[in-house]
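Trainee: Okay, handing you the structure first.
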There are 2 protein chains.
Amino acid sequence: MLRKSFLLVLVLFVFTVSFAQKRQVKAVAQVTVMNPMLSYSDVVSALLKKGLTEQQAYQNLAELTGTIGGRLSGSPQAARAVVWAKNLMEKLGFQHVRLQHVMVPHWVRGKIEKAWIADRRGRKNIPLAMCALGGSVATPRKGITAEVIEVHSLDEARALGAEAKGKIIFFNRRMNPTLVSTFAAYSGAVDQRDGGASAAASVGGVGALVRSMTLVVDNVPHTGVMHYQDSIPKVPTAALSTFAANRLSAELERRPRLRVHFVLDCKTLPDVKSANVIGELPGTQLPNEVVVMGGHLDSWDKGKGAHDDGAGVTQSIEALRLIKELGLKPKRTIRVVLFMNEENGSRGGKKYAAQLPVNEKAVAALESDAGGFDPRAFGVSADSSVFQKIASWASLLQPTDICSIRRGGGGEDISYLKGKASALIGLEPSNQRYFDYHHSDKDVLANVNPRELELGAVALASLAYFISEEGL
Amino acid sequence: MLRKSFLLVLVLFVFTVSFAQKRQVKAVAQVTVMNPMLSYSDVVSALLKKGLTEQQAYQNLAELTGTIGGRLSGSPQAARAVVWAKNLMEKLGFQHVRLQHVMVPHWVRGKIEKAWIADRRGRKNIPLAMCALGGSVATPRKGITAEVIEVHSLDEARALGAEAKGKIIFFNRRMNPTLVSTFAAYSGAVDQRDGGASAAASVGGVGALVRSMTLVVDNVPHTGVMHYQDSIPKVPTAALSTFAANRLSAELERRPRLRVHFVLDCKTLPDVKSANVIGELPGTQLPNEVVVMGGHLDSWDKGKGAHDDGAGVTQSIEALRLIKELGLKPKRTIRVVLFMNEENGSRGGKKYAAQLPVNEKAVAALESDAGGFDPRAFGVSADSSVFQKIASWASLLQPTDICSIRRGGGGEDISYLKGKASALIGLEPSNQRYFDYHHSDKDVLANVNPRELELGAVALASLAYFISEEGL
């Protein structure tokens with residue numbers, strides 16, 4: 001009996017709270033009509049209050065990372081993520097929930113990834129933590145054992161000439177720690193990961209090992225996409241942990257002719273049918289004018305794709321949920337697009353941009369693909385008048401921890417909307433920790449803070465709503 | 001032989017780098033003389049470059065937390081921290097390195113901290129994670145076993161009247177999650193921790209259990225200071241983990257007359273002689289005008305005091321090291337003060353303010369006591385013209401991740417300089433994660449990011465240097 005009456009109290013309580021929330025929403029909506037400038041501030045407050053109370057972005061991220069995990073394009077996990085996202089959008093009452101099919105690459109890591117510094121007989125001497133780079137071919141079954149040449153740029157590798165023949169080329173240029181933007185530091189080093197294999201092969205190298213793209217020294221390798229140049233033989237390539245890279249470099253100082261052994265059995269299978277997942281809140285006045293909010297549903301297979309880009313996925317869904325459940329009625333359509341295959345092909349982003357309906361106007365596209373950290377800025381690529389309009393909302397966004405609207409920015413998936421949408425906008429959270437986790441086993445839920453994640457969702461919701469009301 | 005030549009190369013390399021750095025410093029110094037506005041930007045760049053390359057704040061924090069750990073006022077660890085800090089300042093070549101002695105409270109946690117929901121015979125049924133609050137008296141040796149009344153404010157406790165007699169009062173008001181500033185949420189809840197015991201005792205309660213001051217639900221209790229009101233009997237008080245608080249609350253719904261047992265053997269010993277640790281770079285033109293930078297050297301005994309306030313300690317030391325090693329010659333004195341006993345008495349802060357030399361002018365005081373997270377703002381308490389002057393440097397500070405200068409702010413230790421210094425300034429980093437760790441076993445080095453910590457040091461160094469050059 002005690003339990004039953006407790007349940008009754010609980011039900012009454014929930015009913016009361018939900019009734020109170022609905023009343024509150026009506027109040028917000030009324031204010032919206034009455035006084036536009038005041039209302040936006042009230043809308044942000046209401047979004048913050050609901051978001052920080054319920055923290056559903058984090059709940060959804062826990063589900064995505066916990067029940068599905070890493071979801072590399074073409075994998076069964078990516079297929080399950082598509083179903084999960086579609087079901088979630090439907091459950092939340094989003095409209096026009098649909099899949100936009102797209103063929104995606106299907107690279108698989110395989111089961112064997114090993115590297116070591118060999119002793120004189122080629123046996124394991126010093127283990128090196130490593131993982132294949134996405135897109136790499138396998139080594140021969142017995143692996144590759146060869147001398148190593150350390151270089152710090154693609155040009156340095158290409159300039160090796162005949163010296164490189166039969167060698168493993170080891171790209172060991174660090175991300176520049178003196179750059180405050182870790183994305184700038186990443187951009188300045190990632191050419192080694194992307195093009196190291198072909199640079200090595202162009203001078204006869206038999207493989208490429210690349211220092212992981214991270215600013216911390218630890219023993220966790222970071223994967224990521226690489227590309228082969230046509231007309232150059234494909235050689236296998238892998239990332240070494242920064243610790244392993246430092247160790248190898250130090251050993252090479254002592255023993256320049258040491259040999260490294262590594263083995264990979266990754267491979268590329270035929271393309272797989274996958275999909276972008278789309279849902280929206282149709283505009284009440286200008287439904288054909290569309291504000292896109294999104295992130296990418298695929299991730300690497302290392303870790304759980306929590307920050308990259310489970311954060312963007314769950315923030316975009318949460319942003320639209322908050323707008324919807326607060327009873328806001330956006331003038332223009334606000335659409336969530338969860339892009340497939342950002343990591344190794346961007347097929348989803350390209351497909352979405354290529355198949356925009358002719359009767360539709362892409363007003364703006366917002367992407368969250370820089371991690372679920374404390375928001376700091378929106379980066380806006382737009383012409384000057386559009387930029388000024390968005391920048392004029394800076395003080396309205398400030399309560400969501402957005403402290404600046406800066407020129408330039410966007411995201412890989414929405415970049416294909418350039419020239420179509422009036423503004424491409426990237427959510428830019430604090431980035432100091434991003435590459436600690438990025439593309440590695442450390443990109444897990446435990447490294448995401450629920451409030452930081454939710455603040456990003458509220459920032460997205462706020463800006464998307466302003467654009468839907470004001471146009472650009 | 002190989003090793004020897006490697007060593008030689010290493011020595012030559014270090015020499016070359018250090019020579020290059022010295023040349024660079026001279027260049028900076030020359031620019032400083034030539035063009036004040038340009039130079040400040042160059043100074044910030046040089047501070048950033050050196051700081052982010054060397055990351056010594058983190059190295060020092062690793063040493064402080066790793067070799068000494070938690071350092072509650074009066075403890076042997078706090079005494080060791082004083083020696084450690086003095087030695088470090090001397091090693092770094094700071095001048096006038098000295099101790100400013102101060103008597104501090106000496107509360108000890110003891111070895112027994114247990115709580116559980118009892119079964120009908122008073123035996124352990126459901127364990128409750130808890131820890132004594134700093135300053136609490138012990139329970140009787142056999143502990144306290146009593147019924148529990150849950151309340152959500154001091155007033156609610158005081159209004160219980162005779163009902164409270166012989167009961168344990170359980171303060172379970174949450175920090176408000178809808179406030180974006182976690183410090184505001186903390187301020188809105190911490191009165192329960194501080195005054196819960198006396199409020200309980202004022203109506204005959206025999207003890208107070210208080211929900212931990214954190215926004216996450218986990219099983220880690222968070223300690224912190226509490227105060228007894230004179231003329232009210234002292235009853236023991238402890239923090240429950242948020243998980244334990246939720247559990248107890250849920251059980252009370254089912255079984256309102258359940259009894260909780262808890263036992264503590266903490267005690268307060270006689271005051272102990274301790275010290276603030278002080279070192280400086282004397283001003284080259286106005287040595288009697290002083291810019292103070294500091295944090296507090298003491299911490300709680302739970303965890304290692306990494307964010308609170310090992311961060312402020314190591315950032316302040318690092319800031320002065322960077323200024324010194326770059327060869328900057330500040331016009332005014334820049335002084336690092338590591339305050340003792342911020343956590344449970346602020347005796348160090350009071351002592352420093354009370355004993356300012358008469359011939360000295362306190363220009364400004366900067367405190368870092370909000371964790372070693374990504375910098376966001378400086379909070380400035382100053383009159384309007386002084387505030388405007390500091391705010392005019394906002395764009396110069398922006399490269400250090402400082403995105404605003406806001407009115408209000410400071411820090412507990414420097415608050416005693418109010419009316420003496422022209423500006424009290426607090427470094428305000430991202431605060432979403434602060435109370436996840438604060439005063440608990442989770443306040444450890446692993447939860448500090450080296451780059452975020454260092455950026456705070458560079459921000460402090462930059463602003464302290466601007467003030468030293470420009471005055472206020």
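Residues in the structure tokens are named by chain (A, B, ... in the order shown) and by number from 1 within that chain; ligands are numbered from 1 in the order shown.
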Do you know which residues are at most 12 Å from B:Asn172 counting only C-alpha atoms, after dropping those on the same chain fewer than 5 positions away, and could you put them as a VMD selection string?
Mentor: chain B and resid 148 to 154 156 to 157 189 to 193 196 208 to 214 239 to 250
Trainee: Please produce a file of the residues just selected, as a compact mmCIF listing (two decimals), in the first residue's frame, where the atoms kept are N, CA and C atoms.
Mentor:
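Below is the file out27.txt, written as the result:
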# COMPACT_ATOMS: atom_id res chain seq x y z
N VAL B 148 15.74 10.27 11.10
CA VAL B 148 16.24 11.32 10.22
C VAL B 148 15.06 12.18 9.73
N ILE B 149 15.27 13.48 9.73
CA ILE B 149 14.30 14.37 9.09
C ILE B 149 14.99 15.08 7.93
N GLU B 150 14.40 14.94 6.76
CA GLU B 150 14.97 15.60 5.57
C GLU B 150 14.41 17.00 5.44
N VAL B 151 15.29 17.96 5.26
CA VAL B 151 14.87 19.36 5.04
C VAL B 151 15.66 19.91 3.85
N HIS B 152 15.25 21.09 3.40
CA HIS B 152 15.90 21.68 2.24
C HIS B 152 16.43 23.08 2.48
N SER B 153 16.38 23.50 3.73
CA SER B 153 16.97 24.81 4.04
C SER B 153 17.22 24.91 5.54
N LEU B 154 18.04 25.86 5.93
CA LEU B 154 18.29 26.11 7.34
C LEU B 154 17.00 26.53 8.03
N GLU B 156 13.95 25.77 7.25
CA GLU B 156 13.07 24.61 7.42
C GLU B 156 13.51 23.78 8.63
N ALA B 157 14.82 23.68 8.82
CA ALA B 157 15.33 22.95 9.98
C ALA B 157 14.94 23.68 11.27
N ALA B 189 23.64 27.02 -2.27
CA ALA B 189 23.37 25.78 -1.52
C ALA B 189 24.30 25.60 -0.32
N VAL B 190 25.41 26.33 -0.30
CA VAL B 190 26.47 25.99 0.65
C VAL B 190 26.15 26.43 2.09
N ASP B 191 25.11 27.24 2.25
CA ASP B 191 24.74 27.60 3.63
C ASP B 191 24.36 26.36 4.44
N GLN B 192 23.85 25.33 3.77
CA GLN B 192 23.51 24.09 4.48
C GLN B 192 24.74 23.42 5.07
N ARG B 193 25.83 23.45 4.29
CA ARG B 193 27.07 22.84 4.77
C ARG B 193 27.64 23.67 5.91
N GLY B 196 24.46 24.03 8.78
CA GLY B 196 23.50 22.95 9.04
C GLY B 196 23.57 22.41 10.46
N ALA B 208 24.00 16.57 11.85
CA ALA B 208 23.54 17.07 10.56
C ALA B 208 24.28 16.35 9.45
N LEU B 209 23.50 15.81 8.51
CA LEU B 209 24.09 15.24 7.30
C LEU B 209 23.70 16.16 6.15
N VAL B 210 24.66 16.46 5.30
CA VAL B 210 24.44 17.47 4.27
C VAL B 210 24.78 16.88 2.90
N ARG B 211 23.90 17.11 1.95
CA ARG B 211 24.16 16.69 0.57
C ARG B 211 25.45 17.36 0.08
N SER B 212 26.31 16.60 -0.57
CA SER B 212 27.56 17.16 -1.07
C SER B 212 27.31 18.28 -2.06
N MET B 213 28.19 19.26 -2.03
CA MET B 213 28.08 20.41 -2.91
C MET B 213 28.68 20.09 -4.28
N THR B 214 27.90 19.42 -5.09
CA THR B 214 28.35 19.08 -6.44
C THR B 214 27.12 18.90 -7.32
N ALA B 239 29.23 15.30 5.19
CA ALA B 239 28.64 15.37 3.85
C ALA B 239 28.33 13.96 3.36
N LEU B 240 27.16 13.80 2.77
CA LEU B 240 26.84 12.55 2.07
C LEU B 240 27.16 12.74 0.60
N SER B 241 27.62 11.68 -0.06
CA SER B 241 27.72 11.75 -1.51
C SER B 241 26.33 12.04 -2.07
N THR B 242 26.26 12.60 -3.28
CA THR B 242 24.94 12.88 -3.85
C THR B 242 24.17 11.58 -4.09
N PHE B 243 24.89 10.52 -4.43
CA PHE B 243 24.22 9.23 -4.59
C PHE B 243 23.62 8.77 -3.27
N ALA B 244 24.41 8.89 -2.19
CA ALA B 244 23.92 8.49 -0.87
C ALA B 244 22.75 9.37 -0.44
N ALA B 245 22.83 10.66 -0.76
CA ALA B 245 21.73 11.58 -0.40
C ALA B 245 20.46 11.19 -1.13
N ASN B 246 20.60 10.87 -2.41
CA ASN B 246 19.41 10.45 -3.17
C ASN B 246 18.84 9.15 -2.61
N ARG B 247 19.74 8.26 -2.27
CA ARG B 247 19.30 6.97 -1.74
C ARG B 247 18.58 7.15 -0.41
N LEU B 248 19.18 7.94 0.45
CA LEU B 248 18.57 8.18 1.76
C LEU B 248 17.20 8.83 1.60
N SER B 249 17.13 9.80 0.69
CA SER B 249 15.86 10.49 0.46
C SER B 249 14.79 9.51 -0.04
N ALA B 250 15.20 8.65 -0.97
CA ALA B 250 14.24 7.67 -1.51
C ALA B 250 13.80 6.69 -0.43
Trainee: I'd like the contact shell of stretch 426-436 of chain A - 8 Å cut-off, only C-alpha atoms, skipping same-chain residues fewer than 4 positions apart - returned as a ChimeraX atom specification.
Mentor: /A:180-183,213-216,307,366-380,409-411,442,456,460 /B:374,449,451-452
Trainee: After a least-squares fit of chain B on chain A across every C-alpha pair in order, what's the RMSD, to one decimal?
Mentor: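 My reading of the C-alpha RMSD is 0.1 Å.
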Trainee: Could the residues of chain B within 7 Å of chain A, counting only C-alpha atoms, be given as a PyMOL selection string, please?
Mentor: chain B and resi 2-3+48-49+52-53+177-178+254+403+432+451-452
Trainee: Could you save those same residues with N, CA and C atoms as a short mmCIF file (atom, residue, chain, number, x, y, z; two decimals), in the first residue's frame?
Mentor:
data_model
loop_
_atom_site.label_atom_id
_atom_site.label_comp_id
_atom_site.auth_asym_id
_atom_site.auth_seq_id
_atom_site.Cartn_x
_atom_site.Cartn_y
_atom_site.Cartn_z
N LEU B 2 78.72 6.06 -28.55
CA LEU B 2 77.52 6.58 -29.16
C LEU B 2 76.76 7.42 -28.15
N ARG B 3 76.65 6.89 -26.94
CA ARG B 3 75.91 7.61 -25.91
C ARG B 3 76.56 8.95 -25.61
N LEU B 48 53.06 33.17 -24.14
CA LEU B 48 52.33 31.99 -24.61
C LEU B 48 53.28 30.94 -25.15
N LYS B 49 54.20 31.40 -25.98
CA LYS B 49 55.10 30.46 -26.64
C LYS B 49 55.94 29.71 -25.62
N LEU B 52 53.49 27.51 -23.21
CA LEU B 52 52.91 26.30 -23.82
C LEU B 52 53.99 25.30 -24.25
N THR B 53 55.19 25.79 -24.48
CA THR B 53 56.28 24.87 -24.81
C THR B 53 56.76 24.13 -23.56
N PRO B 177 20.81 23.31 -10.83
CA PRO B 177 21.50 22.98 -12.08
C PRO B 177 21.18 23.95 -13.21
N THR B 178 20.15 24.76 -13.04
CA THR B 178 19.77 25.64 -14.15
C THR B 178 20.61 26.91 -14.20
N ARG B 254 9.93 5.80 1.64
CA ARG B 254 9.33 4.49 1.89
C ARG B 254 9.21 4.21 3.39
N CYS B 403 38.15 35.81 -22.78
CA CYS B 403 37.25 36.45 -23.74
C CYS B 403 36.43 37.57 -23.14
N GLN B 432 32.34 24.72 -15.48
CA GLN B 432 31.35 23.64 -15.48
C GLN B 432 31.82 22.40 -14.72
N ARG B 451 47.54 22.17 -20.71
CA ARG B 451 47.45 23.38 -21.53
C ARG B 451 46.45 24.36 -20.92
N GLU B 452 45.35 23.87 -20.42
CA GLU B 452 44.38 24.76 -19.79
C GLU B 452 45.01 25.45 -18.59
#
Trainee: Check the smallest atom-to-atom distance from each of B:Val225, B:Ile334, B:Leu64, B:Val104 to B:Asn276 using only C-alpha atoms, then report the winner.
Mentor: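 With only C-alpha atoms as the atom set, the closest residue is B:Val104.
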Trainee: Expressed in Å to a single decimal, how great is the separation between atom CA of A:Phe170 and atom CA of A:Arg259?
Mentor: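 Answer for the atom CA of A:Phe170 to atom CA of A:Arg259 separation: 11.8 Å.
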Trainee: Report as an MDAnalysis selection string all protein, DNA and RNA residues lying within 8 Å of stretch 68-71 of chain A, evaluated on only C-alpha atoms, omitting residues in the same chain fewer than 4 positions from it.
Mentor: chainID A and resid 63:64 75:81 297:305
Trainee: Keeping only C-alpha atoms, take the residues you just selected and write them out as an mmCIF file, in the first residue's frame.
Mentor:
data_model
loop_
_atom_site.group_PDB
_atom_site.id
_atom_site.type_symbol
_atom_site.label_atom_id
_atom_site.label_comp_id
_atom_site.auth_asym_id
_atom_site.auth_seq_id
_atom_site.Cartn_x
_atom_site.Cartn_y
_atom_site.Cartn_z
ATOM 1 C CA GLU A 63 22.861 5.431 -25.068
ATOM 2 C CA LEU A 64 24.624 5.979 -28.392
ATOM 3 C CA SER A 75 30.064 -1.048 -40.168
ATOM 4 C CA PRO A 76 27.132 -2.812 -38.503
ATOM 5 C CA GLN A 77 27.420 -0.236 -35.717
ATOM 6 C CA ALA A 78 26.947 2.625 -38.167
ATOM 7 C CA ALA A 79 23.859 0.870 -39.525
ATOM 8 C CA ARG A 80 22.531 0.510 -36.009
ATOM 9 C CA ALA A 81 23.231 4.176 -35.322
ATOM 10 C CA LEU A 297 26.638 10.068 -37.120
ATOM 11 C CA ASP A 298 29.647 8.018 -38.148
ATOM 12 C CA SER A 299 32.803 7.953 -36.060
ATOM 13 C CA TRP A 300 36.069 6.100 -35.994
ATOM 14 C CA ASP A 301 36.105 2.595 -34.636
ATOM 15 C CA LYS A 302 38.588 3.431 -31.871
ATOM 16 C CA GLY A 303 36.818 4.622 -28.737
ATOM 17 C CA LYS A 304 33.114 5.334 -28.836
ATOM 18 C CA GLY A 305 32.928 8.501 -30.914
#
Trainee: Residues of stretch 309-355 of chain A in strand (DSSP E or B) according to DSSP, as a VMD selection string?
Mentor: chain A and resid 332 to 339
Trainee: With C-alpha atoms kept, could you save the residues just selected as an mmCIF file, in the first residue's frame?
Mentor:
data_model
loop_
_atom_site.group_PDB
_atom_site.id
_atom_site.type_symbol
_atom_site.label_atom_id
_atom_site.label_comp_id
_atom_site.auth_asym_id
_atom_site.auth_seq_id
_atom_site.Cartn_x
_atom_site.Cartn_y
_atom_site.Cartn_z
ATOM 1 C CA ARG A 332 11.224 28.858 -40.746
ATOM 2 C CA THR A 333 11.912 25.135 -40.760
ATOM 3 C CA ILE A 334 14.608 23.967 -38.379
ATOM 4 C CA ARG A 335 16.017 20.680 -39.588
ATOM 5 C CA VAL A 336 18.394 18.264 -37.913
ATOM 6 C CA VAL A 337 20.666 16.469 -40.352
ATOM 7 C CA LEU A 338 22.882 13.705 -39.018
ATOM 8 C CA PHE A 339 25.450 13.235 -41.726
#
Trainee: A:Ala162: which residues within 8 Å, counting only C-alpha atoms, same-chain residues fewer than 3 positions away excluded, as an MDAnalysis selection string?
Mentor: chainID A and resid 165 203:204
Trainee: Suppose we keep N, CA and C atoms; can you now write the selection as a PDB file, in the first residue's frame?
Mentor:
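Dumped to result_25.pdb:
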ATOM      1  N   LYS A 165      64.516   3.665 -50.311  1.00  0.00           N
ATOM      2  CA  LYS A 165      64.092   2.401 -50.923  1.00  0.00           C
ATOM      3  C   LYS A 165      64.136   1.252 -49.915  1.00  0.00           C
ATOM      4  N   VAL A 203      59.169   7.420 -53.096  1.00  0.00           N
ATOM      5  CA  VAL A 203      60.627   7.252 -53.151  1.00  0.00           C
ATOM      6  C   VAL A 203      61.043   5.834 -52.774  1.00  0.00           C
ATOM      7  N   GLY A 204      60.088   4.901 -52.877  1.00  0.00           N
ATOM      8  CA  GLY A 204      60.448   3.500 -52.667  1.00  0.00           C
ATOM      9  C   GLY A 204      60.285   2.983 -51.258  1.00  0.00           C
TER      10      GLY A 204
END
Trainee: Please extract the residues of stretch 114-184 of chain A with a backbone DSSP assignment of helix (DSSP H, G or I) and present them as a list in words.
Mentor: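 Listing helix (DSSP H, G or I) positions across stretch 114-184 of chain A yields Leu154, Asp155, Glu156, Ala157, Arg158, Gly161, Ala162, Glu163, Ala164, Thr182, Phe183 and Ala184 of chain A.
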Trainee: Do you know which residues are at most 10 Å from A:Lys420 counting only C-alpha atoms, after dropping those on the same chain fewer than 4 positions away, and could you put them as JSON, numbers by chain?
Mentor: {"A": [353, 356, 361, 362, 363, 364, 365, 415, 416, 424]}
Trainee: Could you name the residues that touch A:Lys234 at 9 Å or less, counting only C-alpha atoms, but leaving out those on the same chain fewer than 2 positions away, as a PDB file with C-alpha atoms, in the first residue's frame?
Mentor:
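Written out: result_16.pdb:
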ATOM      1  CA  SER A 136      45.398   1.800 -45.295  1.00  0.00           C
ATOM      2  CA  VAL A 137      46.102  -1.404 -47.127  1.00  0.00           C
ATOM      3  CA  ALA A 197      52.070   6.706 -47.205  1.00  0.00           C
ATOM      4  CA  SER A 198      52.184   8.053 -50.754  1.00  0.00           C
ATOM      5  CA  ALA A 201      56.048   5.110 -51.543  1.00  0.00           C
ATOM      6  CA  VAL A 206      57.620   0.172 -47.988  1.00  0.00           C
ATOM      7  CA  GLY A 207      55.424   1.687 -45.285  1.00  0.00           C
ATOM      8  CA  TYR A 228      46.591   7.289 -51.480  1.00  0.00           C
ATOM      9  CA  GLN A 229      47.676   9.219 -54.531  1.00  0.00           C
ATOM     10  CA  ASP A 230      46.810   7.552 -57.788  1.00  0.00           C
ATOM     11  CA  SER A 231      49.781   6.212 -59.724  1.00  0.00           C
ATOM     12  CA  ILE A 232      51.829   5.652 -56.597  1.00  0.00           C
ATOM     13  CA  PRO A 236      50.534   0.291 -45.422  1.00  0.00           C
TER      14      PRO A 236
END
Trainee: Have a look at atom CA of B:Gly134 and atom CA of B:Val444 and let me know their distance in Å, one decimal.
Mentor: 19.3 Å
